[in-house]
>>> print(open('target06.csv').read())   # CSV, C-alpha atoms
chain,number,residue,atom,x,y,z
E,1,MET,CA,80.8,42.4,105.7
E,2,LYS,CA,78.5,44.4,103.5
E,3,GLN,CA,79.7,47.7,102.2
E,4,LEU,CA,78.4,50.6,104.2
E,5,SER,CA,78.2,54.3,103.6
E,6,ASN,CA,76.6,57.3,105.4
E,7,PHE,CA,76.3,55.3,108.6
E,8,GLY,CA,73.8,52.8,107.2
E,9,SER,CA,72.8,49.5,108.9
E,10,LEU,CA,74.6,46.2,108.7
E,11,VAL,CA,72.5,43.0,108.9
E,12,VAL,CA,74.4,39.9,110.0
E,13,SER,CA,73.3,36.4,111.1
E,14,VAL,CA,74.6,35.0,114.4
E,15,PRO,CA,74.0,31.7,116.1
E,16,ALA,CA,71.7,31.9,119.0
E,17,ASP,CA,71.4,28.5,120.7
E,18,SER,CA,70.3,26.1,117.9
E,19,THR,CA,69.0,28.7,115.6
E,20,ALA,CA,70.4,31.7,113.7
E,21,HIS,CA,69.1,35.1,114.6
E,22,GLN,CA,69.6,38.3,112.6
E,23,VAL,CA,71.4,41.2,114.3
E,24,ILE,CA,71.3,44.7,112.9
E,25,ILE,CA,74.2,47.0,113.6
E,26,ARG,CA,73.2,50.6,113.2
E,27,PRO,CA,73.7,54.1,114.7
E,28,ALA,CA,72.1,54.4,118.2
E,29,LYS,CA,68.8,56.2,118.8
E,30,PRO,CA,67.5,57.7,122.0
E,31,LYS,CA,65.2,54.7,122.5
E,32,ASP,CA,68.3,52.5,122.8
E,33,LEU,CA,69.8,54.3,125.8
E,34,GLN,CA,68.5,51.9,128.5
E,35,GLY,CA,69.7,48.8,126.7
E,36,MET,CA,73.1,50.4,125.9
E,37,ALA,CA,73.6,51.4,129.5
E,38,GLU,CA,72.7,48.0,130.8
E,39,THR,CA,75.1,46.3,128.3
E,40,ILE,CA,78.0,48.6,129.2
E,41,VAL,CA,77.5,48.4,133.0
E,42,TYR,CA,77.1,44.6,133.0
E,43,SER,CA,80.2,44.3,130.8
E,44,PHE,CA,82.5,46.6,132.6
E,45,HIS,CA,81.1,46.5,136.1
E,46,PRO,CA,79.3,43.2,136.7
E,47,PRO,CA,76.8,43.6,139.6
E,48,GLU,CA,78.5,41.2,141.9
E,49,GLY,CA,79.3,41.8,145.6
E,50,PRO,CA,79.0,45.3,147.0
E,51,ILE,CA,78.7,46.9,143.6
E,52,SER,CA,75.3,45.3,143.1
E,53,TRP,CA,73.9,47.8,145.6
E,54,PHE,CA,75.0,50.7,143.4
E,55,TYR,CA,74.0,49.1,140.1
E,56,PRO,CA,70.7,51.1,139.6
E,57,VAL,CA,72.7,54.4,140.2
E,58,LEU,CA,75.5,53.3,138.0
E,59,LYS,CA,73.1,52.4,135.2
E,60,PHE,CA,71.3,55.7,135.6
E,61,LEU,CA,74.5,57.7,135.4
E,62,THR,CA,75.7,55.7,132.4
E,63,THR,CA,72.3,56.3,130.6
E,64,GLU,CA,72.6,60.1,131.2
E,65,ASP,CA,76.2,60.2,130.1
E,66,LEU,CA,75.3,58.4,126.8
E,67,ARG,CA,72.3,60.7,126.4
E,68,GLY,CA,74.5,63.8,126.7
E,69,ARG,CA,76.9,62.5,124.1
E,70,LEU,CA,74.1,61.6,121.7
E,71,ASN,CA,72.4,65.0,122.1
E,72,SER,CA,75.6,67.0,121.6
E,73,ALA,CA,77.6,64.8,119.3
E,74,PRO,CA,80.2,66.4,117.1
E,75,ALA,CA,80.3,65.7,113.4
E,76,LYS,CA,82.9,62.9,113.8
E,77,TYR,CA,81.3,60.9,116.6
E,78,LEU,CA,79.3,57.7,116.1
E,79,CYS,CA,77.6,55.5,118.7
E,80,LEU,CA,76.5,52.1,117.4
E,81,VAL,CA,74.1,49.4,118.7
E,82,ALA,CA,73.7,45.8,117.8
E,83,ILE,CA,70.1,44.8,118.1
E,84,LEU,CA,68.7,41.3,118.0
E,85,LEU,CA,65.7,40.6,115.8
E,86,ASP,CA,63.2,38.3,117.4
E,87,PRO,CA,60.8,36.8,114.8
E,88,GLU,CA,58.0,37.0,117.4
E,89,LYS,CA,58.4,40.6,118.1
E,90,GLY,CA,58.5,43.8,116.0
E,91,LEU,CA,61.5,45.9,115.2
E,92,GLU,CA,60.6,48.4,117.9
E,93,GLU,CA,61.0,45.7,120.6
E,94,ALA,CA,64.3,44.4,119.4
E,95,GLU,CA,66.8,43.8,122.2
E,96,VAL,CA,70.1,45.8,122.4
E,97,VAL,CA,72.9,43.2,122.7
E,98,GLY,CA,76.0,45.2,121.9
E,99,THR,CA,77.3,48.7,121.6
E,100,ALA,CA,80.4,50.7,120.6
E,101,GLU,CA,81.4,54.4,120.2
E,102,ILE,CA,84.1,56.0,118.1
E,103,SER,CA,85.1,59.7,118.0
E,104,VAL,CA,87.9,61.9,116.8
E,105,ARG,CA,90.0,63.2,119.6
E,106,PRO,CA,93.0,65.6,119.8
E,107,ARG,CA,96.3,63.8,120.4
E,108,PHE,CA,97.5,66.6,122.5
E,109,PRO,CA,95.2,69.5,123.7
E,110,TRP,CA,98.2,71.8,123.6
E,111,PRO,CA,100.1,73.1,121.7
E,112,ASN,CA,98.7,71.4,118.6
E,113,PRO,CA,95.0,70.4,119.0
E,114,SER,CA,94.7,69.9,115.3
E,115,TYR,CA,96.6,66.6,115.5
E,116,THR,CA,93.8,64.1,115.9
E,117,PHE,CA,93.1,60.4,116.0
E,118,VAL,CA,90.1,58.1,116.0
E,119,TYR,CA,89.4,56.4,119.4
E,120,LEU,CA,87.1,53.4,120.1
E,121,ALA,CA,85.3,53.2,123.4
E,122,ASN,CA,82.7,51.1,125.2
E,123,LEU,CA,82.8,48.2,122.9
E,124,ALA,CA,80.5,45.8,124.8
E,125,VAL,CA,78.3,42.8,124.1
E,126,LYS,CA,75.9,41.2,126.5
E,127,ASN,CA,77.3,38.1,128.2
E,128,SER,CA,74.8,35.7,126.7
E,129,TYR,CA,75.6,36.8,123.2
E,130,ARG,CA,79.4,36.8,123.3
E,131,ARG,CA,81.6,34.6,121.1
E,132,ARG,CA,79.1,34.9,118.2
E,133,GLY,CA,80.9,37.4,116.1
E,134,ILE,CA,78.9,40.5,117.3
E,135,ALA,CA,81.9,42.3,118.8
E,136,ARG,CA,83.9,41.6,115.7
E,137,GLN,CA,81.2,43.1,113.5
E,138,LEU,CA,80.9,46.2,115.6
E,139,LEU,CA,84.7,46.6,115.4
E,140,SER,CA,84.7,46.2,111.6
E,141,TYR,CA,81.9,48.8,111.3
E,142,CYS,CA,84.0,51.2,113.4
E,143,GLU,CA,87.1,50.6,111.3
E,144,GLN,CA,85.2,51.3,108.1
E,145,THR,CA,83.8,54.5,109.6
E,146,ALA,CA,87.2,55.6,110.6
E,147,ARG,CA,88.4,55.1,107.0
E,148,GLU,CA,85.5,57.1,105.7
E,149,TRP,CA,86.5,59.9,108.0
E,150,GLY,CA,89.9,59.9,106.3
E,151,TYR,CA,92.0,58.2,109.1
E,152,ASN,CA,94.2,55.1,108.7
E,153,HIS,CA,94.5,54.1,112.4
E,154,LEU,CA,92.1,53.1,115.1
E,155,THR,CA,93.1,53.3,118.8
E,156,LEU,CA,91.6,51.9,122.0
E,157,HIS,CA,92.3,50.9,125.5
E,158,VAL,CA,91.8,47.5,127.2
E,159,LEU,CA,92.6,46.4,130.7
E,160,GLU,CA,95.6,44.0,130.9
E,161,ASN,CA,93.5,41.4,132.8
E,162,ASN,CA,90.7,41.3,130.2
E,163,ASP,CA,91.9,38.3,128.3
E,164,GLN,CA,88.8,37.8,126.2
E,165,ALA,CA,88.9,41.3,124.9
E,166,LYS,CA,92.7,41.1,124.3
E,167,GLN,CA,92.2,38.0,122.3
E,168,LEU,CA,89.5,39.7,120.1
E,169,TYR,CA,91.8,42.7,119.4
E,170,ALA,CA,94.9,40.6,118.8
E,171,SER,CA,93.1,38.4,116.3
E,172,SER,CA,91.8,41.5,114.6
E,173,GLY,CA,95.2,43.0,114.1
E,174,TYR,CA,95.6,45.4,117.1
E,175,LYS,CA,99.0,45.8,118.6
E,176,CYS,CA,100.0,47.1,122.0
E,177,TYR,CA,101.4,50.6,121.6
E,178,GLU,CA,101.8,51.5,125.3
E,179,ILE,CA,101.3,50.1,128.8
E,180,GLU,CA,100.1,53.0,130.8
E,181,PRO,CA,101.5,53.5,134.3
E,182,SER,CA,98.9,53.7,137.1
E,183,LEU,CA,99.1,54.8,140.7
E,184,ASN,CA,96.2,52.4,141.4
E,185,ASN,CA,98.3,49.6,140.0
E,186,LEU,CA,101.2,50.5,142.2
E,187,LEU,CA,99.2,51.0,145.4
E,188,PHE,CA,96.3,48.5,145.0
E,189,ASN,CA,97.5,46.2,142.2
E,190,PHE,CA,94.7,47.3,139.9
E,191,PRO,CA,95.1,46.2,136.3
E,192,ARG,CA,96.8,48.6,134.0
E,193,ARG,CA,95.4,50.0,130.8
E,194,LEU,CA,97.0,48.9,127.5
E,195,LEU,CA,96.8,51.3,124.6
E,196,LEU,CA,96.2,49.4,121.4
E,197,SER,CA,96.3,50.6,117.8
E,198,LYS,CA,95.7,49.1,114.3
E,199,SER,CA,96.6,50.4,110.9
E,200,ILE,CA,93.3,50.3,108.9
>>> encode(input="target06.csv", output="structure tokens")
Amino acid sequence: MKQLSNFGSLVVSVPADSTAHQVIIRPAKPKDLQGMAETIVYSFHPPEGPISWFYPVLKFLTTEDLRGRLNSAPAKYLCLVAILLDPEKGLEEAEVVGTAEISVRPRFPWPNPSYTFVYLANLAVKNSYRRRGIARQLLSYCEQTAREWGYNHLTLHVLENNDQAKQLYASSGYKCYEIEPSLNNLLFNFPRRLLLSKSI
């Protein structure tokens, strides 16, 4: 991984079918919102069955939620995109194929809100570009940013039934810190959230 500073861009090569395409990982821009929302919604809420009817609404709500965070981002917040460079298209038409967000959060809002940690959210890669190292590069970029912010741990959640994500995090050094109890798990057998953390 190339050394980064001041939230620069990282250029990596990933296999795409029988060729290698360049992927740029950089801070998100407003023009990326639609692609980011689509990537997140498809990754966490695949439009299958009844949810497919609500997909346009869900994508709109996700877009506006992302827009709000980008427009009012605090100093220690970073939203990343991985964009695929197509040799036949210009940079402005590059496709968003992955995204991730990190931010500094208070550990406890009361009584000591100054005790903070870095939290990773919405790490997602489009299904057709998974298992090509893009998620791992996004994760590495987030870890380096957290170190630049002066922190030595990165924390995230993953659902206990998301085996592919759990494999990525385990191979990257993340350990399960807590299995969070859930009323939905007790009543409806929904998967629980696992709190993972890594010393960086």
>>> closest_residue(input="target06.csv", among="E:Ala37, E:Val118, E:Leu58, E:Leu194", to="Ile102 in chain E", atoms="all atoms listed in the file")
E:Val118
>>> residues_around(input="target06.csv", residues="Leu196 in chain E", least_positions_apart="6", cutoff="6 Å", atoms="all atoms listed in the file", output="list in words")
Thr155, Leu156, His157, Tyr174, Lys175, Cys176 and Tyr177 of chain E
>>> closest_residue(input="target06.csv", among="E:Glu64, E:Glu88, E:Glu178, E:Glu48", to="Pro30 in chain E", atoms="only C-alpha atoms")
E:Glu64
>>> closest_residue(input="target06.csv", among="E:Ala165, E:Val104, E:Val158, E:Leu66", to="Arg131 in chain E", atoms="all atoms listed in the file")
E:Ala165
>>> residues_around(input="target06.csv", residues="range 138-154 of chain E", least_positions_apart="4", cutoff="8 Å", atoms="all atoms listed in the file", output="CSV table (one decimal) with C-alpha atoms, in the coordinates of the input")
chain,number,residue,atom,x,y,z
E,4,LEU,CA,78.4,50.6,104.2
E,7,PHE,CA,76.3,55.3,108.6
E,25,ILE,CA,74.2,47.0,113.6
E,76,LYS,CA,82.9,62.9,113.8
E,80,LEU,CA,76.5,52.1,117.4
E,82,ALA,CA,73.7,45.8,117.8
E,99,THR,CA,77.3,48.7,121.6
E,100,ALA,CA,80.4,50.7,120.6
E,101,GLU,CA,81.4,54.4,120.2
E,102,ILE,CA,84.1,56.0,118.1
E,117,PHE,CA,93.1,60.4,116.0
E,118,VAL,CA,90.1,58.1,116.0
E,119,TYR,CA,89.4,56.4,119.4
E,120,LEU,CA,87.1,53.4,120.1
E,123,LEU,CA,82.8,48.2,122.9
E,134,ILE,CA,78.9,40.5,117.3
E,197,SER,CA,96.3,50.6,117.8
E,198,LYS,CA,95.7,49.1,114.3
E,199,SER,CA,96.6,50.4,110.9
E,200,ILE,CA,93.3,50.3,108.9
>>> closest_residue(input="target06.csv", among="E:Thr116, E:Ser182, E:Asn71, E:Ser128", to="Lys29 in chain E", atoms="all atoms listed in the file")
E:Asn71
>>> residues_around(input="target06.csv", residues="Pro46 in chain E", least_positions_apart="6", cutoff="12 Å", atoms="only C-alpha atoms", output="PyMOL selection string")
chain E and resi 38-40+52-55+58-59+126-127
>>> residues_near_point(input="target06.csv", point="(98.1, 44.0, 134.7)", cutoff="6 Å", atoms="only C-alpha atoms", output="list of chain:residue names")
E:Glu160, E:Asn161, E:Pro191, E:Arg192
>>> atom_distance(input="target06.csv", atom1="CA of Arg136 in chain E", atom2="CA of Tyr169 in chain E")
8.8 Å
>>> atom_distance(input="target06.csv", atom1="CA of Val41 in chain E", atom2="CA of Arg105 in chain E")
23.6 Å
>>> atom_distance(input="target06.csv", atom1="CA of Val96 in chain E", atom2="CA of Lys166 in chain E")
23.2 Å
>>> closest_residue(input="target06.csv", among="E:Pro181, E:Pro47, E:Ser103, E:Tyr129", to="Ala75 in chain E", atoms="all atoms listed in the file")
E:Ser103
